[in-house]
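**Student:** Take a look at final39.cif, mmCIF, C-alpha atoms:
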data_data
#
loop_
_atom_site.label_atom_id
_atom_site.label_comp_id
_atom_site.auth_asym_id
_atom_site.auth_seq_id
_atom_site.Cartn_x
_atom_site.Cartn_y
_atom_site.Cartn_z
CA MET A 1063 0.00 0.00 0.00
CA ASP A 1064 2.96 2.32 0.57
CA ALA A 1065 3.92 2.10 -3.10
CA VAL A 1066 0.37 2.93 -4.14
CA ARG A 1067 0.32 5.88 -1.75
CA ASP A 1068 3.59 7.24 -3.11
CA THR A 1069 2.47 6.85 -6.71
CA TYR A 1070 -0.83 8.53 -5.90
CA LEU A 1071 0.84 11.45 -4.12
CA ASN A 1072 3.37 11.99 -6.88
CA ALA A 1073 0.64 11.85 -9.52
CA ILE A 1074 -1.50 14.52 -7.92
CA LEU A 1075 1.52 16.71 -7.17
CA ASN A 1076 2.37 16.45 -10.87
CA GLY A 1077 -1.17 17.38 -11.88
CA ASP A 1078 -1.70 13.90 -13.32
CA ARG A 1079 -5.31 13.11 -12.50
CA ARG A 1080 -5.45 10.14 -14.83
CA THR A 1081 -2.61 8.28 -13.13
CA ALA A 1082 -3.99 9.13 -9.69
CA THR A 1083 -7.42 7.69 -10.43
CA THR A 1084 -5.97 4.70 -12.25
CA VAL A 1085 -3.67 3.67 -9.43
CA ILE A 1086 -6.56 3.76 -6.96
CA GLN A 1087 -8.86 1.75 -9.21
CA GLN A 1088 -6.12 -0.79 -9.86
CA ALA A 1089 -5.47 -1.17 -6.15
CA VAL A 1090 -9.12 -2.01 -5.55
CA ALA A 1091 -9.17 -4.36 -8.54
CA ASN A 1092 -6.16 -6.11 -7.02
CA GLY A 1093 -8.04 -6.70 -3.79
CA ALA A 1094 -7.25 -3.70 -1.61
CA ALA A 1095 -10.02 -2.94 0.88
CA VAL A 1096 -11.75 0.40 0.44
CA ARG A 1097 -11.16 1.11 4.13
CA ASP A 1098 -7.44 0.67 3.60
CA ILE A 1099 -7.51 2.97 0.59
CA TYR A 1100 -9.08 5.62 2.79
CA LEU A 1101 -6.87 5.12 5.85
CA LYS A 1102 -3.55 4.32 4.21
CA ILE A 1103 -3.71 6.45 1.08
CA PHE A 1104 -6.27 9.27 1.16
CA GLN A 1105 -5.81 10.21 4.81
CA PRO A 1106 -2.00 10.36 4.92
CA VAL A 1107 -1.81 11.99 1.50
CA GLN A 1108 -4.22 14.74 2.52
CA ARG A 1109 -2.19 15.34 5.66
CA GLU A 1110 0.99 15.46 3.62
CA LEU A 1111 -0.60 17.97 1.25
CA GLY A 1112 -1.57 20.14 4.19
CA ALA A 1113 2.00 20.08 5.47
CA LEU A 1114 3.36 20.94 2.02
CA TRP A 1115 0.98 23.88 1.75
CA GLU A 1116 1.83 25.08 5.23
CA THR A 1117 5.51 25.24 4.35
CA ASN A 1118 4.77 26.91 1.03
CA GLU A 1119 6.05 23.94 -0.99
CA ILE A 1120 2.79 23.75 -2.90
CA SER A 1121 0.35 26.52 -3.73
CA VAL A 1122 -3.25 26.88 -2.67
CA ALA A 1123 -4.22 25.97 -6.23
CA GLN A 1124 -2.19 22.75 -6.10
CA GLU A 1125 -3.72 21.85 -2.76
CA HIS A 1126 -7.20 22.45 -4.11
CA PHE A 1127 -6.45 20.41 -7.22
CA ALA A 1128 -5.14 17.55 -5.12
CA THR A 1129 -8.16 17.62 -2.83
CA ALA A 1130 -10.47 17.60 -5.84
CA VAL A 1131 -8.67 14.53 -7.18
CA THR A 1132 -9.07 12.74 -3.87
CA GLN A 1133 -12.77 13.58 -3.82
CA LEU A 1134 -13.04 12.24 -7.37
CA CYS A 1135 -11.33 9.02 -6.36
CA MET A 1136 -13.63 8.64 -3.37
CA SER A 1137 -16.62 8.96 -5.69
CA LEU A 1138 -15.16 6.32 -7.98
CA LEU A 1139 -15.14 3.91 -5.03
CA TYR A 1140 -18.84 4.37 -4.25
CA PRO A 1141 -19.94 1.26 -6.15
CA HIS A 1142 -17.87 -0.65 -3.58
CA ILE A 1143 -19.15 1.40 -0.63
CA PHE A 1144 -22.90 1.22 -1.23
CA THR A 1145 -23.08 -2.55 -1.11
CA THR A 1146 -23.49 -3.28 2.59
CA GLU A 1147 -26.78 -4.60 3.90
CA LYS A 1148 -28.65 -1.88 5.78
CA ILE A 1149 -28.86 -2.08 9.57
CA GLY A 1150 -31.57 0.52 10.14
CA ARG A 1151 -29.34 3.27 11.56
CA ARG A 1152 -29.13 6.80 10.24
CA LEU A 1153 -26.27 9.27 10.28
CA VAL A 1154 -26.21 12.94 9.32
CA ALA A 1155 -22.65 14.11 8.66
CA THR A 1156 -21.69 17.72 8.08
CA CYS A 1157 -19.22 20.53 8.38
CA VAL A 1158 -20.45 23.49 10.38
CA GLY A 1159 -21.35 26.75 8.71
CA GLY A 1160 -18.22 28.50 7.47
CA GLU A 1161 -16.14 25.34 7.39
CA LEU A 1162 -14.82 24.38 3.96
CA HIS A 1163 -12.63 21.38 4.78
CA GLU A 1164 -15.00 18.53 4.12
CA ILE A 1165 -12.96 15.47 3.23
CA GLY A 1166 -12.60 14.25 6.81
CA VAL A 1167 -16.29 14.18 7.58
CA ARG A 1168 -17.02 12.78 4.13
CA MET A 1169 -14.74 9.88 5.03
CA VAL A 1170 -16.68 9.46 8.26
CA ALA A 1171 -19.96 9.25 6.33
CA ASP A 1172 -18.49 6.71 3.94
CA PHE A 1173 -17.22 4.52 6.77
CA PHE A 1174 -20.68 4.47 8.34
CA GLU A 1175 -22.16 3.67 4.94
CA MET A 1176 -19.79 0.71 4.71
CA GLU A 1177 -21.14 -0.42 8.08
CA GLY A 1178 -24.68 -0.49 6.70
CA TRP A 1179 -25.90 2.88 7.91
CA ASP A 1180 -28.06 5.21 5.85
CA THR A 1181 -25.96 8.34 5.66
CA TYR A 1182 -26.91 11.90 4.82
CA TYR A 1183 -23.75 13.75 3.98
CA LEU A 1184 -24.33 17.50 3.87
CA GLY A 1185 -20.80 18.60 2.94
CA ALA A 1186 -19.03 21.89 3.60
CA ASN A 1187 -20.44 25.10 5.03
CA ALA A 1188 -23.85 23.71 5.94
CA PRO A 1189 -26.20 26.27 7.53
CA THR A 1190 -26.87 25.31 11.13
CA GLU A 1191 -30.65 25.45 10.92
CA THR A 1192 -30.61 23.26 7.81
CA VAL A 1193 -28.49 20.66 9.55
CA VAL A 1194 -30.83 20.50 12.52
CA GLN A 1195 -33.86 20.25 10.24
CA THR A 1196 -32.22 17.34 8.40
CA VAL A 1197 -31.50 15.57 11.67
CA THR A 1198 -35.15 15.91 12.59
CA ASP A 1199 -36.52 14.98 9.18
CA GLU A 1200 -34.32 11.92 8.89
CA ASN A 1201 -34.76 10.91 12.52
CA ALA A 1202 -30.99 10.51 12.71
CA ASP A 1203 -29.40 8.31 15.37
CA VAL A 1204 -26.13 10.22 15.10
CA LEU A 1205 -25.09 13.69 14.02
CA ALA A 1206 -21.40 13.88 13.05
CA VAL A 1207 -20.00 17.42 13.03
CA SER A 1208 -16.61 18.51 11.78
CA THR A 1209 -14.50 21.62 11.75
CA SER A 1210 -10.86 22.03 10.84
CA MET A 1211 -10.61 25.71 11.68
CA ALA A 1212 -10.51 26.75 15.31
CA PHE A 1213 -12.52 29.89 14.63
CA ASN A 1214 -15.50 27.71 13.71
CA VAL A 1215 -15.67 25.97 17.08
CA PRO A 1216 -18.32 28.38 18.46
CA GLU A 1217 -20.54 27.40 15.53
CA VAL A 1218 -20.15 23.76 16.57
CA THR A 1219 -21.38 24.73 20.02
CA ARG A 1220 -24.33 26.61 18.53
CA LEU A 1221 -25.23 23.68 16.28
CA ILE A 1222 -25.18 21.26 19.19
CA GLU A 1223 -27.28 23.57 21.36
CA LEU A 1224 -29.85 23.94 18.60
CA ALA A 1225 -29.89 20.22 17.86
CA ARG A 1226 -30.59 19.51 21.52
CA SER A 1227 -33.23 22.17 21.96
CA GLU A 1228 -36.59 20.76 22.87
CA SER A 1229 -38.29 22.52 19.98
CA THR A 1230 -36.57 20.34 17.41
CA GLY A 1231 -37.63 17.05 18.94
CA ALA A 1232 -34.36 15.52 17.75
CA ASP A 1233 -32.24 13.51 20.12
CA PRO A 1234 -29.25 12.17 18.21
CA LEU A 1235 -25.91 11.16 19.60
CA ILE A 1236 -23.56 13.96 18.62
CA LEU A 1237 -20.05 13.12 17.45
CA VAL A 1238 -17.44 15.80 16.76
CA GLY A 1239 -14.08 15.73 15.05
CA GLY A 1240 -11.45 17.82 13.33
CA ARG A 1241 -8.17 19.44 14.18
CA PRO A 1242 -9.30 21.54 17.19
CA PHE A 1243 -10.66 18.41 18.86
CA ASN A 1244 -7.44 16.53 18.14
CA VAL A 1245 -5.41 19.34 19.70
CA ASP A 1246 -7.49 19.66 22.88
CA PRO A 1247 -8.69 16.28 24.19
CA ASN A 1248 -11.35 17.94 26.37
CA LEU A 1249 -12.80 20.28 23.79
CA TRP A 1250 -15.53 17.87 22.69
CA ARG A 1251 -17.00 18.05 26.18
CA THR A 1252 -16.72 21.84 26.21
CA VAL A 1253 -18.84 22.15 23.07
CA GLY A 1254 -21.44 19.74 24.46
CA ALA A 1255 -20.84 16.73 22.24
CA ASP A 1256 -21.44 13.13 23.30
CA LEU A 1257 -18.46 11.65 21.51
CA TYR A 1258 -15.23 12.51 19.78
CA ALA A 1259 -13.25 10.61 17.19
CA ALA A 1260 -9.87 11.33 15.64
CA ASP A 1261 -10.64 9.66 12.32
CA ALA A 1262 -13.28 7.80 10.36
CA GLU A 1263 -12.38 4.37 11.67
CA SER A 1264 -12.49 5.39 15.32
CA ALA A 1265 -15.73 7.29 14.67
CA VAL A 1266 -17.47 4.04 13.79
CA GLY A 1267 -15.92 2.42 16.84
CA VAL A 1268 -16.96 4.99 19.43
CA VAL A 1269 -20.47 5.30 18.04
CA THR A 1270 -20.95 1.55 17.98
CA GLU A 1271 -19.74 1.29 21.56
CA ALA A 1272 -22.01 4.11 22.68
CA LEU A 1273 -25.09 2.66 21.00
CA THR A 1274 -24.48 -0.81 22.36
CA GLY A 1275 -23.94 0.54 25.85
CA SER A 1276 -20.42 -0.74 26.21
CA ARG A 1277 -19.16 2.75 26.87
CA GLY A 1278 -21.63 4.02 29.41
CA GLY A 1279 -21.54 7.60 30.53
CA VAL A 1280 -20.70 9.29 27.29
CA ARG A 1281 -24.25 10.38 26.67
CA HIS A 1282 -25.36 13.74 27.96
CA GLY A 1283 -28.67 13.95 29.79
CA MET B 557 6.72 25.74 25.24
CA GLY B 558 7.77 25.65 28.87
CA ASP B 559 4.74 27.75 29.75
CA HIS B 560 2.37 25.42 31.50
CA ASP B 561 -0.03 27.94 32.96
CA VAL B 562 -3.56 27.58 31.74
CA LEU B 563 -5.95 30.32 30.76
CA GLU B 564 -9.14 30.87 32.67
CA PRO B 565 -12.29 30.50 30.56
CA ALA B 566 -13.97 33.84 30.00
CA SER B 567 -17.46 34.51 31.27
CA ALA B 568 -20.42 34.35 28.92
CA GLU B 569 -20.81 38.12 29.31
CA THR B 570 -17.24 38.71 28.14
CA VAL B 571 -17.61 36.35 25.21
CA ALA B 572 -20.75 38.21 24.15
CA GLU B 573 -19.10 41.60 24.60
CA LEU B 574 -16.11 40.55 22.52
CA ARG B 575 -18.39 39.20 19.81
CA ASP B 576 -20.58 42.30 19.76
CA HIS B 577 -17.57 44.61 19.46
CA ARG B 578 -15.43 42.58 17.06
CA ALA B 579 -16.07 44.83 14.05
CA GLU B 580 -15.27 47.92 16.12
CA ILE B 581 -12.06 46.39 17.47
CA THR B 582 -11.03 45.29 13.99
CA ALA B 583 -11.57 48.75 12.52
CA LEU B 584 -9.61 50.38 15.32
CA ALA B 585 -6.73 47.91 15.04
CA VAL B 586 -6.51 48.31 11.27
CA SER B 587 -6.49 52.11 11.60
CA ARG B 588 -3.66 51.93 14.14
CA PHE B 589 -1.52 49.33 12.43
CA GLY B 590 0.66 51.61 10.28
CA PRO B 591 3.20 50.22 7.81
CA ILE B 592 3.59 46.47 7.67
CA GLU B 593 6.92 44.75 7.22
CA THR B 594 6.81 41.94 4.67
CA THR B 595 9.33 39.74 2.95
CA GLY B 596 9.57 39.33 -0.80
CA ARG B 597 7.85 41.52 -3.37
CA MET B 598 4.36 42.58 -2.48
CA SER B 599 2.21 45.40 -3.81
CA SER B 600 0.92 48.06 -1.45
CA ALA B 601 -2.62 46.83 -2.10
CA ASN B 602 -1.64 43.34 -1.03
CA ARG B 603 0.10 44.72 2.05
CA SER B 604 -3.07 46.56 3.02
CA LYS B 605 -5.14 43.45 2.42
CA MET B 606 -2.74 41.42 4.54
CA ILE B 607 -3.28 43.81 7.45
CA VAL B 608 -7.08 43.74 7.17
CA ASP B 609 -7.25 39.97 6.67
CA GLY B 610 -4.81 39.32 9.49
CA ILE B 611 -6.62 41.55 11.96
CA GLU B 612 -10.00 40.08 11.03
CA MET B 613 -8.62 36.56 11.43
CA THR B 614 -7.10 37.47 14.78
CA GLY B 615 -10.51 38.65 15.96
CA ARG B 616 -12.35 35.55 14.80
CA MET B 617 -9.73 33.31 16.33
CA LEU B 618 -9.63 35.17 19.61
CA GLU B 619 -13.40 35.03 19.91
CA SER B 620 -13.34 31.26 19.48
CA LEU B 621 -10.46 30.75 21.89
CA VAL B 622 -11.98 32.91 24.59
CA ALA B 623 -15.34 31.18 24.15
CA THR B 624 -13.84 27.72 24.56
CA GLY B 625 -11.21 28.64 27.14
CA SER B 626 -8.92 26.10 25.51
CA THR B 627 -5.27 26.72 26.32
CA PRO B 628 -4.05 23.91 24.02
CA LEU B 629 -6.00 25.44 21.16
CA VAL B 630 -4.45 28.86 21.78
CA ASP B 631 -0.98 27.35 21.73
CA ASP B 632 -1.70 25.32 18.61
CA GLN B 633 -3.07 28.29 16.70
CA VAL B 634 -0.09 30.46 17.57
CA ALA B 635 2.37 27.70 16.70
CA TRP B 636 0.61 27.20 13.38
CA SER B 637 0.68 30.92 12.60
CA ALA B 638 4.35 31.19 13.53
CA ARG B 639 5.19 28.32 11.18
CA HIS B 640 2.97 29.28 8.29
CA LEU B 641 2.79 33.07 8.09
CA PRO B 642 6.51 33.65 7.37
CA ASN B 643 6.00 31.49 4.27
CA GLU B 644 3.25 33.88 3.23
CA GLY B 645 5.66 36.81 3.45
CA LEU B 646 4.76 37.93 6.95
CA PRO B 647 7.74 37.91 9.33
CA LEU B 648 7.16 37.10 12.97
CA ALA B 649 7.89 40.72 13.89
CA SER B 650 4.80 41.78 11.96
CA LEU B 651 2.73 39.07 13.65
CA VAL B 652 3.85 40.33 17.06
CA LYS B 653 3.07 43.88 16.03
CA GLY B 654 -0.41 42.84 14.95
CA LEU B 655 -1.06 41.15 18.28
CA HIS B 656 0.10 44.22 20.23
CA VAL B 657 -2.09 46.49 18.10
CA TYR B 658 -5.06 44.16 18.58
CA ARG B 659 -4.43 44.02 22.33
CA ASP B 660 -4.49 47.81 22.54
CA ALA B 661 -7.70 47.97 20.50
CA VAL B 662 -9.34 45.43 22.81
CA VAL B 663 -8.40 47.44 25.89
CA ALA B 664 -9.64 50.65 24.26
CA THR B 665 -12.98 49.13 23.26
CA LEU B 666 -14.12 46.59 25.82
CA SER B 667 -15.16 47.20 29.40
CA GLU B 668 -12.41 46.88 32.00
CA ARG B 669 -13.94 43.66 33.28
CA ALA B 670 -14.04 42.07 29.82
CA SER B 671 -10.54 43.30 28.98
CA ARG B 672 -9.18 41.62 32.11
CA GLU B 673 -10.51 38.30 30.84
CA VAL B 674 -9.48 38.68 27.18
CA VAL B 675 -6.03 40.25 27.42
CA PRO B 676 -4.33 37.22 29.02
CA TYR B 677 -5.14 35.25 25.86
CA ILE B 678 -3.42 37.86 23.68
CA ASP B 679 -0.49 38.17 26.07
CA ARG B 680 0.04 34.42 25.92
CA MET B 681 0.01 34.57 22.11
CA ILE B 682 2.58 37.37 22.13
CA ARG B 683 4.85 35.49 24.55
CA MET B 684 4.68 32.39 22.36
CA VAL B 685 5.53 34.20 19.12
CA GLU B 686 8.37 36.15 20.74
CA ARG B 687 10.08 33.00 21.98
CA PRO B 688 13.25 32.08 20.07
CA GLY B 689 12.58 29.33 17.55
CA ALA B 690 8.83 29.88 17.51
CA ALA B 691 8.70 29.58 13.72
CA SER B 692 10.29 26.14 13.63
CA GLU B 693 8.30 24.35 16.31
CA GLU B 694 6.09 21.43 15.40
CA GLY B 695 2.47 21.73 16.49
CA ALA B 696 1.27 22.43 19.99
CA PRO B 697 3.68 22.15 22.91
#
What would the structure in this file look like if it were written as structure tokens?
**Tutor:**
Amino acid sequence: MDAVRDTYLNAILNGDRRTATTVIQQAVANGAAVRDIYLKIFQPVQRELGALWETNEISVAQEHFATAVTQLCMSLLYPHIFTTEKIGRRLVATCVGGELHEIGVRMVADFFEMEGWDTYYLGANAPTETVVQTVTDENADVLAVSTSMAFNVPEVTRLIELARSESTGADPLILVGGRPFNVDPNLWRTVGADLYAADAESAVGVVTEALTGSRGGVRHG
Amino acid sequence: MGDHDVLEPASAETVAELRDHRAEITALAVSRFGPIETTGRMSSANRSKMIVDGIEMTGRMLESLVATGSTPLVDDQVAWSARHLPNEGLPLASLVKGLHVYRDAVVATLSERASREVVPYIDRMIRMVERPGAASEEGAP
């Protein structure tokens, strides 16, 4: 998988979308698990791209191009993702209003989809009231909320407060993630969430544990 | 960072006051900033935009940090800025200047009670950026 990751990273850094998509499709054809593609290729490559942008080794345009290629490759994998038998659980996954970094929470939605959940992925910059309405309309079991930028954390708090307000009638478990929550291990409690996960794989794990009661005490009143 | 003190979370009243006065603080800080030192070639229009964008971002960030009372998040954001902004043509000296200007604008605008709660956040940011080697550190301390 390391060789595939390196080829993929080099391809997108060289602006070679065709090679990038081909190497991913070939990896799956050769038996690679979609989860591994996400965790061992997309996730580390996106982090590497962020580091390269931060140190000015690639431009904003290159970073955007690369992210678009990764999103394209994720879409190409959907025939493999939407094959799991449904288990009757529903997830709404979203970035908060103002937040544009959506790949992380999109990965979370896809991992839940692979576990048989019905997922409603709302993407970047979702208006708070719209998110809450979707949670209510879809009778979601879990609301997954993401922000990468620290200045959007107050909007996470506002979204959670609104989602919990009695007027909405919604009562989902609320999972948060993103860089600010990775930096401060207590921040998820501060914003009023039920759960926190550092990545898509652990998101499925903590939610499953919470719903099956094997991690008592994470649920707010 | 060798600075293990933690910040006290601000009261809800202070968070609201800071939020309600953010535009006013931003305008005052921008008006007081003066010339900005940059590296590399940059037009005067881009320099002006860098001041406005930087001050606005400082305000948004500060509002979030004060609202959450998260010391690790403060440290992470400053470390990130110290690593990244020099690559954007903004030397650390200009970042420190911006924080001092913003601090003064906060004190001039907010009530004394609110200022007492907000200023320690800015002072911590200034101390972090002024430390030797701040631009080369990896992530939060």
**Student:** Selection in question (the file shown): the PyMOL selection byres ((chain B) within 12 of (chain A)). Which residues does it include, as a PyMOL selection string?
**Tutor:** chain B and resi 565+571-572+575+612-645+691-692+694-697
**Student:** One number please: CA of Gly1150 in chain A to CA of Leu1237 in chain A, in Å, one decimal.
**Tutor:**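 CA of Leu1237 in chain A lies at a distance of 18.6 Å from CA of Gly1150 in chain A.
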**Student:** What's the 7 Å shell around range 1134-1149 of chain A, counting all atoms listed in the file, without same-chain residues fewer than 3 positions away, as a PyMOL selection string?
**Tutor:** chain A and resi 1083+1130-1131+1175-1179
**Student:** If you keep C-alpha atoms, can you produce a file of those selected residues as a PDB file, in the coordinates of the input?
**Tutor:**
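Everything below was put into result37.pdb:
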ATOM      1  CA  THR A1083      -7.420   7.690 -10.430  1.00  0.00           C
ATOM      2  CA  ALA A1130     -10.470  17.600  -5.840  1.00  0.00           C
ATOM      3  CA  VAL A1131      -8.670  14.530  -7.180  1.00  0.00           C
ATOM      4  CA  GLU A1175     -22.160   3.670   4.940  1.00  0.00           C
ATOM      5  CA  MET A1176     -19.790   0.710   4.710  1.00  0.00           C
ATOM      6  CA  GLU A1177     -21.140  -0.420   8.080  1.00  0.00           C
ATOM      7  CA  GLY A1178     -24.680  -0.490   6.700  1.00  0.00           C
ATOM      8  CA  TRP A1179     -25.900   2.880   7.910  1.00  0.00           C
TER       9      TRP A1179
END
**Student:** When you count all atoms listed in the file, which of these residues is closest to Val663 in chain B: B:Met598, B:Leu574, B:Leu648, B:Met606?
**Tutor:** B:Leu574
**Student:** Taking 6 positions as the minimum chain separation for residues in the same chain, which residues sit within 10 Å of Lys653 in chain B when counting all atoms listed in the file? Answer as a PyMOL selection string.
**Tutor:** chain B and resi 589-590+592-593+659+682
**Student:** Would you output that residue set with C-alpha atoms, as a compact mmCIF listing (two decimals), in the coordinates of the input?
**Tutor:**
# COMPACT_ATOMS: atom_id res chain seq x y z
CA PHE B 589 -1.52 49.33 12.43
CA GLY B 590 0.66 51.61 10.28
CA ILE B 592 3.59 46.47 7.67
CA GLU B 593 6.92 44.75 7.22
CA ARG B 659 -4.43 44.02 22.33
CA ILE B 682 2.58 37.37 22.13
**Student:** Interatomic distance between CA of Val1238 in chain A and CA of Glu564 in chain B?
**Tutor:**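 Separation of CA of Val1238 in chain A and CA of Glu564 in chain B: 23.4 Å.
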**Student:** Please indicate the distance in Å from CA of Asp1203 in chain A to CA of Arg1152 in chain A, rounded to one decimal place.
**Tutor:**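 Atom-to-atom, CA of Asp1203 in chain A to CA of Arg1152 in chain A, that is 5.4 Å.
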**Student:** Skipping near chain neighbours, those fewer than 5 positions away, what residues fall within 10 Å of Glu580 in chain B using only C-alpha atoms, listed as a PyMOL selection string?
**Tutor:** chain B and resi 574-575+585+661-662+665-666
**Student:** Enumerate, as a PyMOL selection string, the residues matched when the PyMOL selection byres ((chain A and resi 1171) around 8) is run on the file above.
**Tutor:** chain A and resi 1153-1155+1167-1170+1172-1175+1181-1183+1262
**Student:** Which residues match the PyMOL selection byres ((chain B and resi 587) around 12) in the file above, as a PyMOL selection string?
**Tutor:** chain B and resi 580-586+588-591+604+607-608+611+654+657-658+660-661
**Student:** Hey, what's within 10 Å of range 1255-1258 of chain A if we count all atoms listed in the file and toss same-chain stuff fewer than 4 positions away? As a ChimeraX atom specification, please?
**Tutor:** /A:1204-1207,1218-1219,1222-1223,1234-1240,1243-1244,1247-1251,1264-1265,1268-1269,1272,1279-1283
**Student:** Write a file of the selected residues as an mmCIF file, keeping the file's coordinate frame, keeping C-alpha atoms.
**Tutor:**
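Writing the result to out21.cif gives the following:
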data_model
loop_
_atom_site.group_PDB
_atom_site.id
_atom_site.type_symbol
_atom_site.label_atom_id
_atom_site.label_comp_id
_atom_site.auth_asym_id
_atom_site.auth_seq_id
_atom_site.Cartn_x
_atom_site.Cartn_y
_atom_site.Cartn_z
ATOM 1 C CA VAL A 1204 -26.130 10.220 15.100
ATOM 2 C CA LEU A 1205 -25.090 13.690 14.020
ATOM 3 C CA ALA A 1206 -21.400 13.880 13.050
ATOM 4 C CA VAL A 1207 -20.000 17.420 13.030
ATOM 5 C CA VAL A 1218 -20.150 23.760 16.570
ATOM 6 C CA THR A 1219 -21.380 24.730 20.020
ATOM 7 C CA ILE A 1222 -25.180 21.260 19.190
ATOM 8 C CA GLU A 1223 -27.280 23.570 21.360
ATOM 9 C CA PRO A 1234 -29.250 12.170 18.210
ATOM 10 C CA LEU A 1235 -25.910 11.160 19.600
ATOM 11 C CA ILE A 1236 -23.560 13.960 18.620
ATOM 12 C CA LEU A 1237 -20.050 13.120 17.450
ATOM 13 C CA VAL A 1238 -17.440 15.800 16.760
ATOM 14 C CA GLY A 1239 -14.080 15.730 15.050
ATOM 15 C CA GLY A 1240 -11.450 17.820 13.330
ATOM 16 C CA PHE A 1243 -10.660 18.410 18.860
ATOM 17 C CA ASN A 1244 -7.440 16.530 18.140
ATOM 18 C CA PRO A 1247 -8.690 16.280 24.190
ATOM 19 C CA ASN A 1248 -11.350 17.940 26.370
ATOM 20 C CA LEU A 1249 -12.800 20.280 23.790
ATOM 21 C CA TRP A 1250 -15.530 17.870 22.690
ATOM 22 C CA ARG A 1251 -17.000 18.050 26.180
ATOM 23 C CA SER A 1264 -12.490 5.390 15.320
ATOM 24 C CA ALA A 1265 -15.730 7.290 14.670
ATOM 25 C CA VAL A 1268 -16.960 4.990 19.430
ATOM 26 C CA VAL A 1269 -20.470 5.300 18.040
ATOM 27 C CA ALA A 1272 -22.010 4.110 22.680
ATOM 28 C CA GLY A 1279 -21.540 7.600 30.530
ATOM 29 C CA VAL A 1280 -20.700 9.290 27.290
ATOM 30 C CA ARG A 1281 -24.250 10.380 26.670
ATOM 31 C CA HIS A 1282 -25.360 13.740 27.960
ATOM 32 C CA GLY A 1283 -28.670 13.950 29.790
#
